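Everything on this sheet refers to the single structure shown next.
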Amino acid sequence: MNRDEKIETLKSRLELDILEFTDPARGVALAWTAALVQGFLPGGTWDVRGDTTYPVEPGAAVHKWVWGKGDARLTIEVFVSSEGPLAARRRLVKLATSSTMAIVPYVRGPADLGDVSTIFTIPPKSARLIWAYKNVCVTIKAHEAPGIDVTKIAGALQEHLASHVVPRIDEVVPRIEHVELSAKKVQVHEPLTIRIRMRKEDLARDLLVDITDSNFALRFGGNLGLVTTVSADTPGPRKLTILVTDKSTLLSAWATVTLEVTPPIEDPSPDHD
């Protein structure tokens, strides 16, 4: 079964093509913290083994926690879209069809969990549950954790999500007002300064900046931020995608800019001994 066949199989099982969107402007705006997530874990002492935030596409970001207790592992991944519920459902489909297995090991999950849910059906060492609710897609994985009920964790977390829905998600996302380039044309290896202008009220947020190049050929002169210096190793047109994510809510903004990278100008002066 190829990837397209897996996708169609899962969509059919979940009846995704006939599942309507109810008020797509509404969305979850929630401050995600390790302490918040830990509160939904089962009893006992769980240690944080991994804690990462990263953008995954324009308008969407992920926070992933890995918790450990002895040999047991619990992974909770939260995907938040600023573009609405369709992106969250696409994320669910992508995650549930990305394995190398010849079959789709996911079936319909609890009917009362979010807008749509799917659960991994092959025991015994792992349990996986994915669900989409509004603009959020959450994944819970339990490995070498007998007795852990991922549906119970998910149900409690879903109640919390439902209590943090705002009428218009587009009104609470950060906004990029303008992206300024120090030049629209630079030579290979010549430094270019990128300045990202945010709304004044967004500057108080803890922001994560990511810049990607259509040719994947950028060098960064230090850490990425609202002011970043870059250079390119090869000539040609460039399309840069600028992503700015609120590390707390995972809501994000994005913009694109273009520039031209030219070959270096050769020194015409002759060499002297």
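Residue names in the structure tokens use chain letters A, B, ... in the order shown, residue numbers from 1 in each chain, and ligand numbers from 1 in the order shown.
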Show me, as a short mmCIF file (atom, residue, chain, number, x, y, z; two decimals) with all heavy atoms, in the first residue's frame, the residues that have an atom within 12 Å of stretch 164-178 of chain A when counting only C-alpha atoms, minus same-chain residues fewer than 6 positions from it.
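Dumped to result-v5.cif:
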data_model
loop_
_atom_site.label_atom_id
_atom_site.label_comp_id
_atom_site.auth_asym_id
_atom_site.auth_seq_id
_atom_site.Cartn_x
_atom_site.Cartn_y
_atom_site.Cartn_z
N THR A 22 -17.19 23.04 12.13
CA THR A 22 -18.15 23.89 12.84
C THR A 22 -17.44 25.15 13.32
O THR A 22 -16.52 25.09 14.13
CB THR A 22 -18.75 23.15 14.05
OG1 THR A 22 -17.69 22.72 14.92
CG2 THR A 22 -19.53 21.92 13.59
N ASP A 23 -17.85 26.27 12.76
CA ASP A 23 -17.31 27.57 13.14
C ASP A 23 -15.78 27.57 13.08
O ASP A 23 -15.10 27.66 14.11
CB ASP A 23 -17.79 27.95 14.54
CG ASP A 23 -17.69 29.46 14.80
OD1 ASP A 23 -17.16 30.17 13.92
OD2 ASP A 23 -18.11 29.90 15.87
N PRO A 24 -15.20 27.47 11.89
CA PRO A 24 -13.75 27.35 11.75
C PRO A 24 -12.95 28.56 12.23
O PRO A 24 -11.74 28.47 12.39
CB PRO A 24 -13.55 27.12 10.25
CG PRO A 24 -14.78 27.66 9.61
CD PRO A 24 -15.88 27.42 10.59
N ALA A 25 -13.62 29.69 12.46
CA ALA A 25 -12.90 30.86 12.96
C ALA A 25 -12.47 30.68 14.42
O ALA A 25 -11.50 31.29 14.88
CB ALA A 25 -13.77 32.11 12.84
N ARG A 26 -13.18 29.83 15.15
CA ARG A 26 -12.86 29.60 16.56
C ARG A 26 -11.61 28.71 16.67
O ARG A 26 -11.33 27.91 15.79
CB ARG A 26 -14.04 28.93 17.27
CG ARG A 26 -15.26 29.81 17.36
CD ARG A 26 -16.49 29.04 17.83
NE ARG A 26 -16.33 28.54 19.19
CZ ARG A 26 -16.57 29.24 20.30
NH1 ARG A 26 -16.96 30.51 20.19
NH2 ARG A 26 -16.44 28.71 21.49
N GLY A 27 -10.88 28.88 17.76
CA GLY A 27 -9.68 28.07 17.94
C GLY A 27 -9.18 28.11 19.37
O GLY A 27 -9.66 28.90 20.19
N VAL A 28 -8.23 27.25 19.65
CA VAL A 28 -7.65 27.14 21.00
C VAL A 28 -6.48 28.10 21.12
O VAL A 28 -5.57 28.10 20.29
CB VAL A 28 -7.18 25.70 21.27
CG1 VAL A 28 -6.48 25.62 22.63
CG2 VAL A 28 -8.35 24.73 21.20
N ALA A 29 -6.51 28.93 22.16
CA ALA A 29 -5.39 29.82 22.50
C ALA A 29 -5.01 29.51 23.95
O ALA A 29 -5.72 29.90 24.88
CB ALA A 29 -5.78 31.29 22.34
N LEU A 30 -3.92 28.81 24.12
CA LEU A 30 -3.57 28.24 25.42
C LEU A 30 -2.07 28.38 25.64
O LEU A 30 -1.27 28.14 24.72
CB LEU A 30 -3.98 26.77 25.45
CG LEU A 30 -3.53 25.90 26.63
CD1 LEU A 30 -4.12 26.41 27.93
CD2 LEU A 30 -3.94 24.45 26.38
N ALA A 31 -1.68 28.76 26.85
CA ALA A 31 -0.26 28.84 27.20
C ALA A 31 0.23 27.43 27.56
O ALA A 31 -0.15 26.88 28.59
CB ALA A 31 -0.05 29.79 28.37
N TRP A 32 1.05 26.86 26.69
CA TRP A 32 1.55 25.51 26.90
C TRP A 32 2.83 25.53 27.73
O TRP A 32 3.78 26.23 27.38
CB TRP A 32 1.84 24.84 25.56
CG TRP A 32 0.60 24.58 24.76
CD1 TRP A 32 0.07 25.35 23.77
CD2 TRP A 32 -0.27 23.46 24.91
NE1 TRP A 32 -1.08 24.79 23.29
CE2 TRP A 32 -1.32 23.61 23.97
CE3 TRP A 32 -0.28 22.33 25.74
CZ2 TRP A 32 -2.35 22.70 23.84
CZ3 TRP A 32 -1.30 21.41 25.61
CH2 TRP A 32 -2.31 21.60 24.67
N GLY A 59 2.56 29.11 9.50
CA GLY A 59 1.34 29.17 10.27
C GLY A 59 1.12 28.04 11.24
O GLY A 59 0.04 27.93 11.82
N ALA A 60 2.12 27.20 11.48
CA ALA A 60 1.93 26.07 12.39
C ALA A 60 3.24 25.71 13.09
O ALA A 60 4.32 25.79 12.50
CB ALA A 60 1.40 24.84 11.65
N VAL A 80 -0.12 23.22 16.75
CA VAL A 80 -1.09 24.33 16.77
C VAL A 80 -1.02 25.07 15.45
O VAL A 80 0.06 25.54 15.03
CB VAL A 80 -0.82 25.29 17.94
CG1 VAL A 80 -1.80 26.47 17.90
CG2 VAL A 80 -0.93 24.56 19.28
N SER A 81 -2.15 25.20 14.80
CA SER A 81 -2.24 25.93 13.55
C SER A 81 -2.88 27.30 13.78
O SER A 81 -3.85 27.42 14.53
CB SER A 81 -3.08 25.15 12.52
OG SER A 81 -3.40 25.97 11.41
N SER A 82 -2.34 28.31 13.14
CA SER A 82 -2.95 29.63 13.15
C SER A 82 -3.84 29.84 11.93
O SER A 82 -4.41 30.91 11.74
CB SER A 82 -1.87 30.71 13.20
OG SER A 82 -1.10 30.59 14.36
N GLU A 83 -3.93 28.78 11.11
CA GLU A 83 -4.68 28.86 9.86
C GLU A 83 -6.05 28.17 9.93
O GLU A 83 -6.76 28.10 8.93
CB GLU A 83 -3.86 28.23 8.73
CG GLU A 83 -2.45 28.79 8.58
CD GLU A 83 -2.45 30.19 7.99
OE1 GLU A 83 -3.25 30.43 7.07
OE2 GLU A 83 -1.68 31.02 8.47
N GLY A 84 -6.39 27.59 11.10
CA GLY A 84 -7.69 26.97 11.23
C GLY A 84 -7.64 25.46 11.36
O GLY A 84 -6.57 24.85 11.42
N PRO A 85 -8.81 24.80 11.40
CA PRO A 85 -8.90 23.37 11.70
C PRO A 85 -8.43 22.44 10.58
O PRO A 85 -8.07 21.30 10.84
CB PRO A 85 -10.39 23.16 11.99
CG PRO A 85 -11.08 24.24 11.22
CD PRO A 85 -10.15 25.42 11.28
N TYR A 133 -8.70 18.88 17.32
CA TYR A 133 -9.79 19.68 17.90
C TYR A 133 -9.55 21.12 17.51
O TYR A 133 -8.52 21.71 17.86
CB TYR A 133 -9.81 19.52 19.41
CG TYR A 133 -10.84 20.40 20.10
CD1 TYR A 133 -12.20 20.19 19.90
CD2 TYR A 133 -10.45 21.46 20.92
CE1 TYR A 133 -13.14 21.01 20.51
CE2 TYR A 133 -11.38 22.27 21.55
CZ TYR A 133 -12.73 22.04 21.34
OH TYR A 133 -13.66 22.86 21.94
N LYS A 134 -10.50 21.69 16.78
CA LYS A 134 -10.33 23.06 16.27
C LYS A 134 -9.01 23.15 15.51
O LYS A 134 -8.78 22.41 14.57
CB LYS A 134 -10.40 24.08 17.43
CG LYS A 134 -11.66 23.99 18.27
CD LYS A 134 -12.90 24.29 17.48
CE LYS A 134 -14.14 24.30 18.36
NZ LYS A 134 -15.38 24.42 17.59
N ASN A 135 -8.12 24.03 15.93
CA ASN A 135 -6.85 24.28 15.25
C ASN A 135 -5.68 23.50 15.85
O ASN A 135 -4.52 23.80 15.55
CB ASN A 135 -6.52 25.78 15.29
CG ASN A 135 -6.41 26.30 16.72
OD1 ASN A 135 -7.22 25.95 17.57
ND2 ASN A 135 -5.40 27.12 16.99
N VAL A 136 -5.97 22.51 16.70
CA VAL A 136 -4.93 21.80 17.44
C VAL A 136 -4.98 20.31 17.10
O VAL A 136 -6.06 19.72 16.96
CB VAL A 136 -5.11 21.99 18.97
CG1 VAL A 136 -4.11 21.15 19.75
CG2 VAL A 136 -4.97 23.46 19.33
N LEU A 157 -7.09 16.14 28.96
CA LEU A 157 -6.47 17.23 28.21
C LEU A 157 -7.47 17.89 27.27
O LEU A 157 -7.48 19.12 27.12
CB LEU A 157 -5.27 16.70 27.43
CG LEU A 157 -4.43 17.70 26.65
CD1 LEU A 157 -4.01 18.88 27.52
CD2 LEU A 157 -3.21 17.01 26.05
N GLN A 158 -8.35 17.10 26.68
CA GLN A 158 -9.36 17.66 25.78
C GLN A 158 -10.30 18.60 26.51
O GLN A 158 -10.68 19.64 25.98
CB GLN A 158 -10.14 16.53 25.11
CG GLN A 158 -11.38 16.97 24.34
CD GLN A 158 -11.07 17.97 23.24
OE1 GLN A 158 -10.03 17.90 22.60
NE2 GLN A 158 -11.99 18.91 23.03
N ILE A 194 18.31 41.00 7.91
CA ILE A 194 16.86 40.87 7.84
C ILE A 194 16.26 41.42 9.13
O ILE A 194 16.62 40.97 10.22
CB ILE A 194 16.45 39.40 7.66
CG1 ILE A 194 17.09 38.81 6.39
CG2 ILE A 194 14.94 39.25 7.61
CD1 ILE A 194 16.90 37.31 6.27
N ARG A 195 15.37 42.38 9.02
CA ARG A 195 14.69 42.95 10.18
C ARG A 195 13.20 42.64 10.09
O ARG A 195 12.55 42.98 9.11
CB ARG A 195 14.90 44.46 10.26
CG ARG A 195 16.32 44.86 10.65
CD ARG A 195 16.47 46.37 10.76
NE ARG A 195 17.75 46.73 11.33
CZ ARG A 195 18.87 46.86 10.60
NH1 ARG A 195 18.82 46.67 9.29
NH2 ARG A 195 20.00 47.19 11.20
N ILE A 196 12.69 41.99 11.12
CA ILE A 196 11.28 41.62 11.18
C ILE A 196 10.57 42.61 12.09
O ILE A 196 10.90 42.72 13.27
CB ILE A 196 11.11 40.19 11.71
CG1 ILE A 196 11.94 39.20 10.88
CG2 ILE A 196 9.63 39.78 11.71
CD1 ILE A 196 12.04 37.82 11.50
N ARG A 197 9.62 43.32 11.54
CA ARG A 197 8.86 44.31 12.31
C ARG A 197 7.55 43.67 12.78
O ARG A 197 6.70 43.33 11.96
CB ARG A 197 8.56 45.54 11.45
CG ARG A 197 9.80 46.19 10.82
CD ARG A 197 10.71 46.81 11.84
NE ARG A 197 11.79 47.57 11.20
CZ ARG A 197 12.78 48.16 11.85
NH1 ARG A 197 12.84 48.08 13.16
NH2 ARG A 197 13.70 48.82 11.19
N MET A 198 7.40 43.53 14.09
CA MET A 198 6.18 42.99 14.67
C MET A 198 5.33 44.12 15.22
O MET A 198 5.81 45.25 15.43
CB MET A 198 6.52 42.02 15.81
CG MET A 198 7.47 40.90 15.45
SD MET A 198 6.82 39.74 14.23
CE MET A 198 5.43 39.02 15.14
N ARG A 199 4.06 43.84 15.50
CA ARG A 199 3.24 44.80 16.22
C ARG A 199 3.85 45.07 17.59
O ARG A 199 4.48 44.19 18.19
CB ARG A 199 1.82 44.28 16.41
CG ARG A 199 1.02 44.09 15.14
CD ARG A 199 -0.36 43.57 15.49
NE ARG A 199 -0.29 42.36 16.31
CZ ARG A 199 -1.33 41.76 16.85
NH1 ARG A 199 -2.55 42.28 16.68
NH2 ARG A 199 -1.20 40.67 17.57
N LYS A 200 3.65 46.26 18.10
CA LYS A 200 4.21 46.63 19.39
C LYS A 200 3.77 45.67 20.49
O LYS A 200 4.56 45.26 21.34
CB LYS A 200 3.80 48.06 19.75
CG LYS A 200 4.39 48.57 21.06
CD LYS A 200 3.98 50.01 21.31
CE LYS A 200 4.57 50.51 22.61
NZ LYS A 200 4.16 51.93 22.89
N GLU A 201 2.50 45.25 20.47
CA GLU A 201 1.98 44.37 21.53
C GLU A 201 2.57 42.96 21.44
O GLU A 201 2.52 42.20 22.42
CB GLU A 201 0.46 44.31 21.50
CG GLU A 201 -0.15 43.90 20.17
CD GLU A 201 -0.54 45.09 19.32
OE1 GLU A 201 0.23 46.07 19.26
OE2 GLU A 201 -1.61 45.02 18.68
N ASP A 202 3.13 42.60 20.29
CA ASP A 202 3.73 41.27 20.15
C ASP A 202 5.15 41.19 20.69
O ASP A 202 5.68 40.10 20.90
CB ASP A 202 3.74 40.84 18.68
CG ASP A 202 2.35 40.52 18.16
OD1 ASP A 202 1.53 40.02 18.95
OD2 ASP A 202 2.09 40.77 16.97
N LEU A 203 5.78 42.32 20.91
CA LEU A 203 7.17 42.33 21.35
C LEU A 203 7.34 41.78 22.76
O LEU A 203 8.44 41.38 23.15
CB LEU A 203 7.76 43.74 21.25
CG LEU A 203 7.82 44.32 19.83
CD1 LEU A 203 8.35 45.73 19.85
CD2 LEU A 203 8.68 43.43 18.93
N ALA A 204 6.26 41.77 23.55
CA ALA A 204 6.33 41.21 24.90
C ALA A 204 6.28 39.69 24.89
O ALA A 204 6.56 39.04 25.92
CB ALA A 204 5.19 41.77 25.76
N ARG A 205 5.94 39.07 23.77
CA ARG A 205 5.89 37.62 23.67
C ARG A 205 7.31 37.04 23.57
O ARG A 205 8.23 37.70 23.11
CB ARG A 205 5.09 37.18 22.43
CG ARG A 205 3.66 37.68 22.37
CD ARG A 205 3.03 37.13 21.10
NE ARG A 205 1.71 37.68 20.81
CZ ARG A 205 0.64 36.95 20.52
NH1 ARG A 205 0.73 35.64 20.51
NH2 ARG A 205 -0.52 37.51 20.24
N ASP A 206 7.44 35.79 23.99
CA ASP A 206 8.69 35.06 23.80
C ASP A 206 8.61 34.44 22.41
O ASP A 206 7.91 33.45 22.20
CB ASP A 206 8.84 33.99 24.88
CG ASP A 206 10.20 33.31 24.83
OD1 ASP A 206 11.06 33.76 24.05
OD2 ASP A 206 10.39 32.32 25.56
N LEU A 207 9.34 35.03 21.45
CA LEU A 207 9.18 34.68 20.05
C LEU A 207 10.31 33.79 19.55
O LEU A 207 11.48 33.99 19.90
CB LEU A 207 9.11 35.95 19.19
CG LEU A 207 7.95 36.91 19.49
CD1 LEU A 207 8.11 38.19 18.69
CD2 LEU A 207 6.60 36.25 19.21
N LEU A 208 9.95 32.82 18.74
CA LEU A 208 10.89 31.92 18.08
C LEU A 208 10.89 32.26 16.60
O LEU A 208 9.84 32.25 15.95
CB LEU A 208 10.49 30.46 18.29
CG LEU A 208 11.29 29.40 17.54
CD1 LEU A 208 12.71 29.33 18.08
CD2 LEU A 208 10.61 28.04 17.64
N VAL A 209 12.06 32.57 16.05
CA VAL A 209 12.19 32.98 14.65
C VAL A 209 12.86 31.87 13.86
O VAL A 209 13.86 31.29 14.30
CB VAL A 209 12.99 34.29 14.52
CG1 VAL A 209 13.21 34.65 13.06
CG2 VAL A 209 12.26 35.42 15.24
N LEU A 226 14.67 38.76 15.65
CA LEU A 226 13.94 39.76 14.86
C LEU A 226 14.89 40.55 13.97
O LEU A 226 14.46 41.17 12.99
CB LEU A 226 13.14 40.68 15.77
CG LEU A 226 12.01 40.01 16.56
CD1 LEU A 226 11.28 41.03 17.43
CD2 LEU A 226 11.03 39.31 15.63
N ILE A 242 9.82 33.55 6.30
CA ILE A 242 10.05 34.02 7.66
C ILE A 242 8.92 33.51 8.54
O ILE A 242 7.75 33.79 8.28
CB ILE A 242 10.08 35.56 7.74
CG1 ILE A 242 10.90 36.16 6.58
CG2 ILE A 242 10.56 36.03 9.09
CD1 ILE A 242 12.35 35.86 6.60
N LEU A 243 9.26 32.75 9.58
CA LEU A 243 8.25 32.24 10.51
C LEU A 243 8.55 32.77 11.90
O LEU A 243 9.69 32.68 12.39
CB LEU A 243 8.24 30.72 10.52
CG LEU A 243 7.93 30.03 9.18
CD1 LEU A 243 9.23 29.54 8.56
CD2 LEU A 243 6.99 28.87 9.37
N VAL A 244 7.53 33.31 12.55
CA VAL A 244 7.67 33.83 13.92
C VAL A 244 6.60 33.16 14.78
O VAL A 244 5.40 33.31 14.51
CB VAL A 244 7.52 35.36 13.97
CG1 VAL A 244 7.68 35.86 15.40
CG2 VAL A 244 8.53 36.03 13.05
N THR A 245 7.04 32.43 15.80
CA THR A 245 6.13 31.64 16.64
C THR A 245 6.17 32.13 18.07
O THR A 245 7.24 32.37 18.63
CB THR A 245 6.55 30.15 16.61
OG1 THR A 245 6.54 29.68 15.27
CG2 THR A 245 5.61 29.30 17.45
N ASP A 246 5.00 32.27 18.67
CA ASP A 246 4.89 32.52 20.11
C ASP A 246 5.18 31.19 20.81
O ASP A 246 4.41 30.24 20.68
CB ASP A 246 3.48 33.02 20.44
CG ASP A 246 3.29 33.35 21.91
OD1 ASP A 246 4.00 32.76 22.77
OD2 ASP A 246 2.43 34.19 22.23
N LYS A 247 6.28 31.11 21.56
CA LYS A 247 6.67 29.86 22.19
C LYS A 247 5.65 29.37 23.20
O LYS A 247 5.58 28.17 23.49
CB LYS A 247 8.02 30.01 22.89
CG LYS A 247 9.20 30.18 21.97
CD LYS A 247 10.49 30.25 22.79
CE LYS A 247 11.70 30.49 21.93
NZ LYS A 247 12.94 30.57 22.75
N SER A 248 4.85 30.26 23.73
CA SER A 248 3.87 29.89 24.74
C SER A 248 2.63 29.27 24.11
O SER A 248 2.27 28.12 24.38
CB SER A 248 3.48 31.10 25.58
OG SER A 248 2.42 30.80 26.46
N THR A 249 1.97 30.00 23.21
CA THR A 249 0.72 29.53 22.62
C THR A 249 0.93 28.68 21.38
O THR A 249 0.00 28.01 20.93
CB THR A 249 -0.18 30.72 22.25
OG1 THR A 249 0.49 31.48 21.22
CG2 THR A 249 -0.45 31.61 23.44
N LEU A 250 2.13 28.74 20.79
CA LEU A 250 2.47 28.10 19.52
C LEU A 250 1.74 28.72 18.33
O LEU A 250 1.82 28.21 17.22
CB LEU A 250 2.21 26.59 19.55
CG LEU A 250 2.95 25.80 20.64
CD1 LEU A 250 2.62 24.31 20.55
CD2 LEU A 250 4.45 26.01 20.54
N LEU A 251 1.03 29.81 18.55
CA LEU A 251 0.43 30.55 17.45
C LEU A 251 1.54 31.29 16.71
O LEU A 251 2.52 31.73 17.32
CB LEU A 251 -0.63 31.51 17.96
CG LEU A 251 -1.85 30.84 18.60
CD1 LEU A 251 -2.73 31.86 19.31
CD2 LEU A 251 -2.66 30.07 17.56
N SER A 252 1.40 31.42 15.39
CA SER A 252 2.52 31.93 14.62
C SER A 252 2.08 32.76 13.43
O SER A 252 0.93 32.70 12.99
CB SER A 252 3.39 30.76 14.15
OG SER A 252 2.63 29.84 13.39
N ALA A 253 3.04 33.54 12.94
CA ALA A 253 2.84 34.35 11.74
C ALA A 253 3.95 34.03 10.75
O ALA A 253 5.01 33.53 11.13
CB ALA A 253 2.87 35.84 12.10
N TRP A 254 3.71 34.33 9.49
CA TRP A 254 4.74 34.08 8.49
C TRP A 254 4.63 35.07 7.34
O TRP A 254 3.60 35.70 7.13
CB TRP A 254 4.65 32.65 7.96
CG TRP A 254 3.40 32.29 7.22
CD1 TRP A 254 2.17 32.01 7.78
CD2 TRP A 254 3.23 32.21 5.81
NE1 TRP A 254 1.26 31.73 6.79
CE2 TRP A 254 1.89 31.84 5.57
CE3 TRP A 254 4.09 32.38 4.73
CZ2 TRP A 254 1.38 31.67 4.30
CZ3 TRP A 254 3.59 32.20 3.45
CH2 TRP A 254 2.24 31.85 3.24
N ALA A 255 5.76 35.24 6.66
CA ALA A 255 5.83 36.13 5.52
C ALA A 255 6.93 35.63 4.58
O ALA A 255 7.79 34.85 4.99
CB ALA A 255 6.13 37.56 5.97
N THR A 256 6.90 36.06 3.33
CA THR A 256 7.94 35.69 2.38
C THR A 256 8.56 36.95 1.79
O THR A 256 7.89 37.98 1.62
CB THR A 256 7.40 34.81 1.24
OG1 THR A 256 6.35 35.51 0.55
CG2 THR A 256 6.86 33.50 1.78
N VAL A 257 9.84 36.87 1.49
CA VAL A 257 10.55 37.96 0.82
C VAL A 257 11.44 37.34 -0.26
O VAL A 257 11.84 36.18 -0.16
CB VAL A 257 11.41 38.79 1.80
CG1 VAL A 257 10.54 39.58 2.75
CG2 VAL A 257 12.38 37.90 2.57
#
Could you give me, as a PDB file with C-alpha atoms, in the first residue's frame, the residues within 10 Å of stretch 114-131 of chain A, counting only C-alpha atoms and dropping anything in the same chain fewer than 4 positions from it?
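This went into selection-v6.pdb:
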ATOM      1  CA  LEU A  10      -7.536   6.385   6.862  1.00  0.00           C
ATOM      2  CA  ARG A  13     -12.204   4.943   8.213  1.00  0.00           C
ATOM      3  CA  LEU A  14     -12.572   8.321   9.919  1.00  0.00           C
ATOM      4  CA  GLU A  15     -15.110   9.659   7.387  1.00  0.00           C
ATOM      5  CA  LEU A  16     -12.993  12.794   7.157  1.00  0.00           C
ATOM      6  CA  LEU A  19     -16.886  15.565   8.615  1.00  0.00           C
ATOM      7  CA  GLU A  20     -17.993  19.190   8.657  1.00  0.00           C
ATOM      8  CA  PHE A  21     -16.127  22.112  10.174  1.00  0.00           C
ATOM      9  CA  THR A  22     -18.150  23.887  12.843  1.00  0.00           C
ATOM     10  CA  ALA A  72       8.430   3.839  30.599  1.00  0.00           C
ATOM     11  CA  ARG A  73       8.105   6.733  28.153  1.00  0.00           C
ATOM     12  CA  LEU A  74       5.231   9.107  27.529  1.00  0.00           C
ATOM     13  CA  THR A  75       5.440  11.458  24.572  1.00  0.00           C
ATOM     14  CA  ILE A  76       2.979  14.305  24.133  1.00  0.00           C
ATOM     15  CA  GLU A  77       3.182  16.352  20.946  1.00  0.00           C
ATOM     16  CA  VAL A  78       1.013  19.430  20.410  1.00  0.00           C
ATOM     17  CA  PRO A  85      -8.897  23.368  11.698  1.00  0.00           C
ATOM     18  CA  ALA A  88      -4.876  20.204  12.285  1.00  0.00           C
ATOM     19  CA  ARG A  89      -6.752  17.434  10.468  1.00  0.00           C
ATOM     20  CA  ARG A  91      -1.509  16.811  10.593  1.00  0.00           C
ATOM     21  CA  LEU A  92      -3.511  13.923  12.046  1.00  0.00           C
ATOM     22  CA  VAL A  93      -3.601  12.190   8.656  1.00  0.00           C
ATOM     23  CA  LEU A  95       1.105  11.307  11.451  1.00  0.00           C
ATOM     24  CA  ALA A  96      -1.200   8.294  11.165  1.00  0.00           C
ATOM     25  CA  VAL A 104      -2.612   1.549   8.213  1.00  0.00           C
ATOM     26  CA  PRO A 105      -2.497   0.537  11.892  1.00  0.00           C
ATOM     27  CA  TYR A 106      -4.899   3.268  13.011  1.00  0.00           C
ATOM     28  CA  VAL A 107      -8.670   3.032  13.416  1.00  0.00           C
ATOM     29  CA  ARG A 108     -11.363   5.379  14.659  1.00  0.00           C
ATOM     30  CA  GLY A 109     -10.671   6.580  18.191  1.00  0.00           C
ATOM     31  CA  PRO A 110     -13.082   7.646  20.953  1.00  0.00           C
ATOM     32  CA  VAL A 136      -4.932  21.797  17.443  1.00  0.00           C
ATOM     33  CA  CYS A 137      -3.701  18.248  16.830  1.00  0.00           C
ATOM     34  CA  VAL A 138      -2.414  16.296  19.843  1.00  0.00           C
ATOM     35  CA  THR A 139      -0.496  13.025  19.852  1.00  0.00           C
ATOM     36  CA  ILE A 140       0.039  10.855  22.935  1.00  0.00           C
ATOM     37  CA  LYS A 141       2.399   7.885  22.783  1.00  0.00           C
ATOM     38  CA  ALA A 142       3.062   5.462  25.630  1.00  0.00           C
ATOM     39  CA  HIS A 143       5.987   3.051  25.282  1.00  0.00           C
ATOM     40  CA  GLU A 144       6.951   0.293  27.716  1.00  0.00           C
ATOM     41  CA  ALA A 145       4.276   1.722  30.024  1.00  0.00           C
ATOM     42  CA  PRO A 146       1.833  -1.094  30.895  1.00  0.00           C
ATOM     43  CA  ILE A 148      -1.140   3.599  31.169  1.00  0.00           C
ATOM     44  CA  ASP A 149      -4.479   4.547  29.605  1.00  0.00           C
ATOM     45  CA  VAL A 150      -3.749   7.085  26.872  1.00  0.00           C
ATOM     46  CA  THR A 151      -7.473   7.692  26.329  1.00  0.00           C
ATOM     47  CA  ALA A 154      -6.428  12.532  26.300  1.00  0.00           C
ATOM     48  CA  GLY A 155      -9.906  13.001  27.757  1.00  0.00           C
ATOM     49  CA  GLN A 158      -9.356  17.655  25.782  1.00  0.00           C
ATOM     50  CA  GLU A 159     -11.518  19.158  28.522  1.00  0.00           C
ATOM     51  CA  LEU A 161      -8.552  22.510  25.400  1.00  0.00           C
ATOM     52  CA  ALA A 162     -12.303  23.055  25.200  1.00  0.00           C
TER      53      ALA A 162
END
Determine, counting only C-alpha atoms, which protein, DNA and RNA residues have an atom within 12 Å of an atom of A:Ala183; residues of the same chain fewer than 6 positions away are not included. Present the result as a PyMOL selection string. chain A and resi 190-195+229-231+257-261
Taking the DSSP secondary structure from the backbone, can you list the residues of stretch 182-223 of chain A that are strand (DSSP E or B), as number ranges by chain? A: 185-187, 192-198, 207-213, 218-220
From a DSSP calculation on the backbone, collect every residue of stretch 1-190 of chain A in helix (DSSP H, G or I) and output the set as a ChimeraX atom specification. /A:3-14,16-18,34-38,85-96,150-162,169-171
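Atom CA of A:Val62 sits 14.0 Å away from atom CA of A:Lys94.
Here the question is which of A:Thr52, A:Asp47, A:Gly236, A:His189 gets nearest to A:Phe220 using only C-alpha atoms, and that residue is A:His189.
The interatomic distance for the pair atom CA of A:Ala111 and atom CA of A:Glu8 works out to 20.0 Å.
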